[in-house]
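Coordinates from target.csv are shown below (CSV, C-alpha atoms).
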```
chain,number,residue,atom,x,y,z
A,10,MET,CA,-30.7,176.1,177.1
A,11,GLU,CA,-28.7,173.0,177.6
A,12,MET,CA,-28.5,170.7,174.6
A,13,GLU,CA,-28.8,167.0,175.1
A,14,LEU,CA,-26.3,165.1,173.0
A,15,GLU,CA,-26.4,161.3,172.8
A,16,GLU,CA,-23.1,159.9,171.8
A,17,ILE,CA,-23.2,156.9,169.4
A,18,ARG,CA,-20.5,154.3,170.2
A,19,GLY,CA,-19.8,151.3,168.1
A,20,THR,CA,-17.2,149.5,166.1
A,21,PHE,CA,-16.5,150.9,162.7
A,22,LYS,CA,-15.1,148.6,160.0
A,23,PRO,CA,-14.2,150.1,156.6
A,24,GLU,CA,-16.7,147.9,154.8
A,25,LEU,CA,-19.6,148.3,157.2
A,26,ILE,CA,-21.4,151.4,158.4
A,27,PRO,CA,-22.9,150.7,161.8
A,28,PRO,CA,-26.7,150.8,161.5
A,29,GLU,CA,-27.0,153.0,164.7
A,30,CYS,CA,-25.4,155.8,162.6
A,31,GLY,CA,-28.7,156.0,160.7
A,32,GLY,CA,-30.3,157.9,163.4
A,33,GLU,CA,-33.9,158.5,164.4
A,34,ILE,CA,-36.6,160.5,162.6
A,35,ASP,CA,-35.9,163.5,164.8
A,36,ASP,CA,-32.3,163.5,163.7
A,37,TYR,CA,-33.5,163.6,160.1
A,38,GLU,CA,-35.7,166.5,160.9
A,39,GLU,CA,-32.9,168.5,162.4
A,40,ALA,CA,-30.6,167.6,159.5
A,41,LEU,CA,-33.3,168.7,157.1
A,42,HIS,CA,-33.7,172.1,158.8
A,43,VAL,CA,-30.0,172.6,158.9
A,44,LEU,CA,-29.7,171.8,155.2
A,45,MET,CA,-32.6,174.1,154.4
A,46,LYS,CA,-31.0,177.0,156.2
A,47,PHE,CA,-27.7,176.2,154.6
A,48,VAL,CA,-29.1,176.1,151.1
A,49,GLY,CA,-31.1,179.2,151.7
A,50,SER,CA,-28.1,181.1,152.9
A,51,MET,CA,-26.1,179.9,149.9
A,52,ALA,CA,-28.8,181.1,147.5
A,53,SER,CA,-29.0,184.4,149.2
A,54,ALA,CA,-25.3,184.9,149.2
A,55,LEU,CA,-25.0,183.8,145.6
A,56,GLU,CA,-27.6,186.4,144.6
A,57,GLN,CA,-25.8,189.1,146.6
A,58,VAL,CA,-22.4,188.3,144.9
A,59,SER,CA,-23.5,187.4,141.4
A,60,GLY,CA,-26.7,189.4,141.0
A,61,ARG,CA,-28.9,188.1,138.2
A,62,GLY,CA,-26.1,185.7,137.3
A,63,ALA,CA,-27.1,183.6,140.3
A,64,ASN,CA,-30.2,182.5,138.4
A,65,ALA,CA,-28.0,181.2,135.5
A,66,ILE,CA,-25.7,179.3,137.8
A,67,VAL,CA,-28.5,177.6,139.6
A,68,TYR,CA,-30.4,177.0,136.3
A,69,GLN,CA,-27.3,175.3,134.9
A,70,ALA,CA,-27.0,173.1,138.0
A,71,GLY,CA,-30.6,172.1,137.7
A,72,LYS,CA,-30.3,171.4,134.0
A,73,ARG,CA,-27.4,169.0,134.6
A,74,MET,CA,-29.5,167.2,137.2
A,75,GLY,CA,-32.4,167.1,134.7
A,76,HIS,CA,-30.3,165.6,132.0
A,77,ASP,CA,-29.0,163.0,134.4
A,78,ALA,CA,-32.6,162.1,135.5
A,79,GLY,CA,-33.8,162.1,131.9
A,80,LYS,CA,-31.3,159.4,131.0
A,81,LEU,CA,-33.2,157.0,133.3
A,82,MET,CA,-36.4,157.6,131.3
A,83,GLU,CA,-37.7,156.1,128.1
A,84,LYS,CA,-37.4,158.5,125.1
A,85,THR,CA,-40.8,159.7,123.8
A,86,ASP,CA,-42.1,162.4,121.5
A,87,ASN,CA,-45.4,162.6,123.3
A,88,LEU,CA,-45.4,165.5,125.7
A,89,GLU,CA,-48.1,164.1,128.0
A,90,ASN,CA,-46.3,160.8,128.3
A,91,ALA,CA,-43.0,162.6,129.0
A,92,MET,CA,-44.7,164.6,131.8
A,93,GLN,CA,-46.1,161.5,133.4
A,94,GLU,CA,-42.7,159.8,133.3
A,95,LEU,CA,-41.0,162.9,134.6
A,96,SER,CA,-43.5,163.1,137.4
A,97,GLN,CA,-42.5,159.6,138.5
A,98,ILE,CA,-38.8,160.4,138.4
A,99,LEU,CA,-39.1,163.7,140.3
A,100,GLY,CA,-41.1,161.8,142.9
A,101,LYS,CA,-43.4,163.0,145.6
A,102,GLU,CA,-41.1,165.8,146.8
A,103,PHE,CA,-41.8,167.6,143.5
A,104,PHE,CA,-45.3,166.5,142.9
A,105,PHE,CA,-46.7,168.2,139.9
A,106,GLU,CA,-49.5,167.7,137.4
A,107,MET,CA,-50.7,169.3,134.2
A,108,TRP,CA,-53.2,172.0,134.7
A,109,LYS,CA,-55.6,174.0,132.5
A,110,PRO,CA,-58.2,176.6,133.1
A,111,SER,CA,-61.8,175.4,132.7
A,112,SER,CA,-62.2,177.3,129.4
A,113,GLN,CA,-59.4,175.4,127.8
A,114,GLU,CA,-60.1,172.1,126.1
A,115,SER,CA,-56.8,170.3,126.3
A,116,PHE,CA,-53.7,170.6,128.4
A,117,THR,CA,-51.5,171.5,125.5
A,118,ILE,CA,-51.7,174.7,123.3
A,119,GLU,CA,-50.1,174.9,119.9
A,120,ARG,CA,-48.7,178.3,119.1
A,121,SER,CA,-46.5,179.2,116.1
A,122,GLY,CA,-44.5,176.0,116.0
A,123,GLU,CA,-44.4,175.7,119.8
A,124,THR,CA,-46.4,173.6,122.3
A,125,GLU,CA,-47.2,175.0,125.7
A,126,VAL,CA,-48.4,173.1,128.7
A,127,LYS,CA,-49.1,174.5,132.2
A,128,LEU,CA,-47.6,172.6,135.1
A,129,LEU,CA,-48.9,173.0,138.6
A,130,PHE,CA,-46.3,172.1,141.2
A,131,ARG,CA,-48.1,171.1,144.3
A,132,ASP,CA,-45.3,169.9,146.5
A,133,CYS,CA,-41.8,171.4,146.2
A,134,VAL,CA,-38.8,171.1,148.4
A,135,VAL,CA,-37.4,174.4,147.0
A,136,ARG,CA,-40.6,176.3,148.1
A,137,GLN,CA,-40.3,174.7,151.6
A,138,THR,CA,-36.6,175.7,151.8
A,139,LEU,CA,-37.4,179.3,150.8
A,140,ARG,CA,-40.2,179.5,153.4
A,141,ARG,CA,-38.0,178.0,156.0
A,142,THR,CA,-35.3,180.7,155.4
A,143,GLY,CA,-37.7,183.5,154.8
A,144,LEU,CA,-36.6,184.1,151.2
A,145,PRO,CA,-39.0,185.2,148.5
A,146,GLN,CA,-40.1,182.8,145.8
A,147,LYS,CA,-39.1,183.2,142.1
A,148,GLY,CA,-35.5,183.7,143.2
A,149,PRO,CA,-32.4,181.8,142.1
A,150,LEU,CA,-33.5,178.6,143.9
A,151,CYS,CA,-36.6,178.4,141.8
A,152,TYR,CA,-34.3,178.3,138.8
A,153,LEU,CA,-33.1,174.9,140.0
A,154,LEU,CA,-36.4,173.3,139.2
A,155,TYR,CA,-36.6,175.4,136.0
A,156,GLY,CA,-33.3,173.9,134.8
A,157,TYR,CA,-34.3,170.4,136.1
A,158,MET,CA,-37.5,170.3,134.1
A,159,VAL,CA,-35.9,171.7,130.9
A,160,GLY,CA,-32.9,169.4,131.2
A,161,ALA,CA,-35.1,166.3,131.7
A,162,VAL,CA,-37.5,167.3,128.9
A,163,GLU,CA,-34.6,167.9,126.5
A,164,GLU,CA,-33.1,164.6,127.3
A,165,VAL,CA,-36.4,162.6,127.0
A,166,MET,CA,-37.8,164.3,123.9
A,167,ASP,CA,-34.7,165.5,122.2
A,168,ILE,CA,-36.1,169.0,121.7
A,169,LYS,CA,-35.5,172.5,123.2
A,170,GLY,CA,-37.7,173.6,126.1
A,171,LYS,CA,-38.2,176.5,128.5
A,172,LEU,CA,-40.1,176.9,131.7
A,173,ASP,CA,-41.7,180.2,132.7
A,174,ILE,CA,-42.9,180.9,136.2
A,175,ASP,CA,-46.5,182.2,135.9
A,176,HIS,CA,-47.4,182.4,139.5
A,177,VAL,CA,-46.1,181.4,142.9
A,178,GLY,CA,-48.1,180.7,146.0
A,179,PRO,CA,-47.5,179.1,149.4
A,180,ASN,CA,-49.4,176.0,148.4
A,181,ALA,CA,-48.8,175.6,144.7
A,182,CYS,CA,-46.8,177.2,141.8
A,183,LEU,CA,-47.9,177.4,138.2
A,184,LYS,CA,-45.3,177.2,135.4
A,185,THR,CA,-45.6,177.1,131.7
A,186,LEU,CA,-43.4,174.6,129.8
A,187,THR,CA,-42.8,175.6,126.2
A,188,ILE,CA,-41.5,173.1,123.7
A,189,ASN,CA,-39.8,174.2,120.5
A,190,TRP,CA,-40.2,171.3,118.1
A,191,GLY,CA,-37.4,172.7,115.9
A,192,GLY,CA,-35.0,170.6,117.9
A,193,LYS,CA,-31.7,171.3,119.5
B,29,MET,CA,-63.4,170.2,143.2
B,30,VAL,CA,-62.2,173.1,145.3
B,31,LYS,CA,-64.8,174.7,147.5
B,32,ILE,CA,-64.1,178.3,148.6
B,33,GLU,CA,-66.0,180.0,151.3
B,34,ILE,CA,-65.7,183.7,152.1
B,35,ASP,CA,-66.5,184.9,155.6
B,36,GLU,CA,-68.4,188.1,154.6
B,37,ASP,CA,-68.3,189.4,158.2
B,38,ALA,CA,-64.5,189.2,158.1
B,39,CYS,CA,-63.9,190.5,154.5
B,40,VAL,CA,-62.8,194.1,154.6
B,41,GLY,CA,-63.3,194.6,150.8
B,42,CYS,CA,-59.7,195.5,150.1
B,43,GLY,CA,-59.8,193.6,146.9
B,44,SER,CA,-56.2,192.2,147.4
B,45,CYS,CA,-57.4,188.6,146.5
B,46,VAL,CA,-59.1,189.9,143.3
B,47,GLU,CA,-55.8,191.5,142.2
B,48,ASP,CA,-53.5,188.6,143.3
B,49,CYS,CA,-55.4,185.7,141.9
B,50,PRO,CA,-53.9,184.7,138.6
B,51,ASN,CA,-57.0,182.9,137.4
B,52,ASP,CA,-59.6,185.5,138.2
B,53,VAL,CA,-61.4,183.3,140.7
B,54,TYR,CA,-62.6,186.3,142.7
B,55,GLU,CA,-64.5,189.4,141.8
B,56,MET,CA,-65.5,192.5,143.9
B,57,ASP,CA,-69.2,192.8,144.7
B,58,GLU,CA,-69.4,196.5,144.4
B,59,ALA,CA,-72.8,196.7,146.1
B,60,LYS,CA,-71.7,194.9,149.2
B,61,ASN,CA,-68.0,196.0,149.0
B,62,LYS,CA,-67.0,192.4,149.6
B,63,THR,CA,-65.2,189.7,147.6
B,64,ARG,CA,-67.2,187.0,145.9
B,65,VAL,CA,-66.2,183.8,144.3
B,66,VAL,CA,-67.0,183.7,140.5
B,67,LYS,CA,-64.8,181.0,139.0
B,68,GLU,CA,-64.3,178.4,141.7
B,69,GLU,CA,-63.5,175.7,139.0
B,70,ASP,CA,-60.3,177.6,138.0
B,71,CYS,CA,-58.9,177.7,141.5
B,72,MET,CA,-55.6,175.9,141.6
B,73,ALA,CA,-55.3,176.1,145.4
B,74,CYS,CA,-52.0,178.1,145.4
B,75,LEU,CA,-53.4,179.9,148.4
B,76,SER,CA,-51.9,183.2,147.5
B,77,CYS,CA,-55.2,184.7,148.5
B,78,HIS,CA,-54.8,183.3,152.0
B,79,GLU,CA,-51.5,184.9,152.3
B,80,ILE,CA,-52.5,188.3,151.1
B,81,CYS,CA,-55.9,188.5,152.8
B,82,PRO,CA,-55.5,190.8,155.9
B,83,ALA,CA,-58.7,189.4,157.5
B,84,GLN,CA,-58.1,185.7,156.8
B,85,ALA,CA,-61.6,185.7,155.5
B,86,MET,CA,-61.4,182.7,153.2
B,87,GLU,CA,-61.4,179.0,153.5
B,88,HIS,CA,-60.5,176.4,150.8
B,89,GLN,CA,-62.1,173.0,151.2
B,90,ASP,CA,-61.0,169.7,149.7
B,91,ILE,CA,-57.6,170.8,148.3
B,92,HIS,CA,-54.2,169.3,148.1
B,93,VAL,CA,-52.3,170.7,151.1
B,94,ALA,CA,-48.7,170.9,150.2
B,95,LYS,CA,-46.1,169.4,152.4
B,96,ARG,CA,-44.5,171.8,154.9
B,97,LEU,CA,-41.5,169.9,156.2
B,98,TYR,CA,-40.0,173.2,157.4
B,99,ILE,CA,-42.5,173.3,160.2
B,100,ASP,CA,-40.8,172.6,163.5
B,101,ARG,CA,-42.8,169.7,164.9
B,102,LYS,CA,-41.8,170.3,168.5
B,103,VAL,CA,-43.1,173.9,168.3
B,104,SER,CA,-46.1,172.8,166.3
B,105,ASN,CA,-47.0,170.1,168.9
B,106,ALA,CA,-46.7,172.6,171.7
B,107,ILE,CA,-49.0,175.1,170.0
B,108,ASN,CA,-51.5,172.3,169.2
B,109,LYS,CA,-51.7,171.5,172.9
B,110,ILE,CA,-52.5,175.2,173.7
B,111,ILE,CA,-55.0,175.7,171.0
```
In structure tokens, how does this file's structure come out?
Amino acid sequence: MEMELEEIRGTFKPELIPPECGGEIDDYEEALHVLMKFVGSMASALEQVSGRGANAIVYQAGKRMGHDAGKLMEKTDNLENAMQELSQILGKEFFFEMWKPSSQESFTIERSGETEVKLLFRDCVVRQTLRRTGLPQKGPLCYLLYGYMVGAVEEVMDIKGKLDIDHVGPNACLKTLTINWGGK
Amino acid sequence: MVKIEIDEDACVGCGSCVEDCPNDVYEMDEAKNKTRVVKEEDCMACLSCHEICPAQAMEHQDIHVAKRLYIDRKVSNAINKII
């Protein structure tokens, strides 16, 4: 198949990026697919080389991103407020909401000095990347979001947190965020 | 609220959805040997049941459909023209 390539010609000044470099929506789509394949291959190779250590590496990367994102948020000790703020920071690409089974009265559960809240991730770029590259869910890439959430919550609430993956599906993933009020 | 419909003619009674659902939304109807919905209100629309069902016997209505930016729009458009 012959590929059509349209060359962009223009004047390039050091202080100005020509707007025509911005490309069309189709260019973004292709770039997104390439990036997804690239990230998927990296995650797969990382797992092959480092084994379970891959999860820790990706977790650490996510945690750093989470701490950076958390710095933009207002500090709070209210878990529900923190979740709402975090949802705004994460944006629509990681759209999540608090979830509870119908038999449970409130979103949070107190258990031996810890608070648990279930988070339902409806939209997730990580999930899309995994499905684009045919990789299973719950692998190293999912630890990116794990680290991100923990990092952001730690930054905003100044506490220790952990996120467990309860269930993964093609349309939504359920995770449990546990807050240890004992602090850092 | 999520509305789940099971196509009883298509359901093969394998029970995969019953086992896979984390919130016990489904139950096996032993008399009919078909799946039935028992806790619709606990469905979080993860659609794991859709993925595991060999007969594609279920339909979820009024749910948040997650973005699937990995879909190739050119291929998708071509298929839509055929179907």
Between atom CA of A:Thr124 and atom CA of A:Thr187, what is the distance, to one decimal in Å?
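About the pair atom CA of A:Thr124 and atom CA of A:Thr187: they are 5.7 Å apart.
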Nearest-residue call for chain A, choices B:Cys71, B:Ile107, B:Ala83, B:Met29, using all atoms listed in the file:
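Checking each of B:Cys71, B:Ile107, B:Ala83, B:Met29 against chain A, counting all atoms listed in the file, the winner is B:Cys71.
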Counting only C-alpha atoms, collect the residues of chain B whose closest atom lies at most 6 Å from chain A, and write them out as a PyMOL selection string.
chain B and resi 70+74-76+94-95+98
Nearest to A:Gly60: which of A:Met92, A:Ile34, A:Gly148, A:Lys72 is it, counting all atoms listed in the file?
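With all atoms listed in the file as the atom set, the closest residue is A:Gly148.
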Expressed in Å to a single decimal, how great is the separation between atom CA of A:Ile98 and atom CA of A:Gly31?
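Computing it gives 24.9 Å between the two atoms.
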Do you have the atom CA of B:Val46-atom CA of A:Leu128 distance handy?
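These atoms are spaced 22.3 Å apart.
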Leaving out B:Asp52 and any residue of its chain fewer than 5 positions from it, which residues lie within 12 Å of it when counting all atoms listed in the file, given as a list in words?
Pro110 and Ser111 of chain A; Gly43, Ser44, Cys45, Val46, Glu47, Thr63, Arg64, Val65, Val66, Lys67, Glu68, Glu69, Asp70, Cys71, Met72 and Cys77 of chain B
Mind dumping stretch 57-70 of chain B from that block, keeping N, CA and C atoms, as a PDB file, in the first residue's frame?
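Heads up, here's the output in out.pdb:
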```
ATOM      1  N   ASP B  57     -30.348 -19.698  37.108  1.00  0.00           N
ATOM      2  CA  ASP B  57     -31.701 -20.226  37.294  1.00  0.00           C
ATOM      3  C   ASP B  57     -31.595 -21.722  36.983  1.00  0.00           C
ATOM      4  N   GLU B  58     -31.495 -22.517  38.050  1.00  0.00           N
ATOM      5  CA  GLU B  58     -31.224 -23.950  37.874  1.00  0.00           C
ATOM      6  C   GLU B  58     -32.333 -24.650  37.078  1.00  0.00           C
ATOM      7  N   ALA B  59     -33.553 -24.221  37.268  1.00  0.00           N
ATOM      8  CA  ALA B  59     -34.671 -24.873  36.566  1.00  0.00           C
ATOM      9  C   ALA B  59     -34.567 -24.674  35.054  1.00  0.00           C
ATOM     10  N   LYS B  60     -34.242 -23.451  34.668  1.00  0.00           N
ATOM     11  CA  LYS B  60     -34.169 -23.136  33.235  1.00  0.00           C
ATOM     12  C   LYS B  60     -32.773 -23.368  32.660  1.00  0.00           C
ATOM     13  N   ASN B  61     -31.785 -23.473  33.561  1.00  0.00           N
ATOM     14  CA  ASN B  61     -30.369 -23.529  33.179  1.00  0.00           C
ATOM     15  C   ASN B  61     -29.973 -22.297  32.347  1.00  0.00           C
ATOM     16  N   LYS B  62     -30.405 -21.155  32.857  1.00  0.00           N
ATOM     17  CA  LYS B  62     -30.099 -19.868  32.215  1.00  0.00           C
ATOM     18  C   LYS B  62     -29.667 -18.897  33.300  1.00  0.00           C
ATOM     19  N   THR B  63     -28.972 -17.851  32.884  1.00  0.00           N
ATOM     20  CA  THR B  63     -28.593 -16.798  33.827  1.00  0.00           C
ATOM     21  C   THR B  63     -29.780 -15.882  34.057  1.00  0.00           C
ATOM     22  N   ARG B  64     -29.903 -15.386  35.300  1.00  0.00           N
ATOM     23  CA  ARG B  64     -30.917 -14.354  35.520  1.00  0.00           C
ATOM     24  C   ARG B  64     -30.286 -13.223  36.331  1.00  0.00           C
ATOM     25  N   VAL B  65     -30.826 -12.038  36.144  1.00  0.00           N
ATOM     26  CA  VAL B  65     -30.308 -10.851  36.829  1.00  0.00           C
ATOM     27  C   VAL B  65     -30.999 -10.744  38.183  1.00  0.00           C
ATOM     28  N   VAL B  66     -30.204 -10.659  39.264  1.00  0.00           N
ATOM     29  CA  VAL B  66     -30.814 -10.577  40.589  1.00  0.00           C
ATOM     30  C   VAL B  66     -30.471  -9.282  41.344  1.00  0.00           C
ATOM     31  N   LYS B  67     -29.328  -8.649  40.987  1.00  0.00           N
ATOM     32  CA  LYS B  67     -28.965  -7.419  41.703  1.00  0.00           C
ATOM     33  C   LYS B  67     -28.531  -6.357  40.700  1.00  0.00           C
ATOM     34  N   GLU B  68     -29.471  -5.949  39.891  1.00  0.00           N
ATOM     35  CA  GLU B  68     -29.184  -4.980  38.836  1.00  0.00           C
ATOM     36  C   GLU B  68     -28.586  -3.689  39.390  1.00  0.00           C
ATOM     37  N   GLU B  69     -29.073  -3.307  40.594  1.00  0.00           N
ATOM     38  CA  GLU B  69     -28.647  -2.043  41.199  1.00  0.00           C
ATOM     39  C   GLU B  69     -27.165  -2.050  41.580  1.00  0.00           C
ATOM     40  N   ASP B  70     -26.548  -3.218  41.680  1.00  0.00           N
ATOM     41  CA  ASP B  70     -25.124  -3.292  42.029  1.00  0.00           C
ATOM     42  C   ASP B  70     -24.216  -3.382  40.807  1.00  0.00           C
TER      43      ASP B  70
END
```
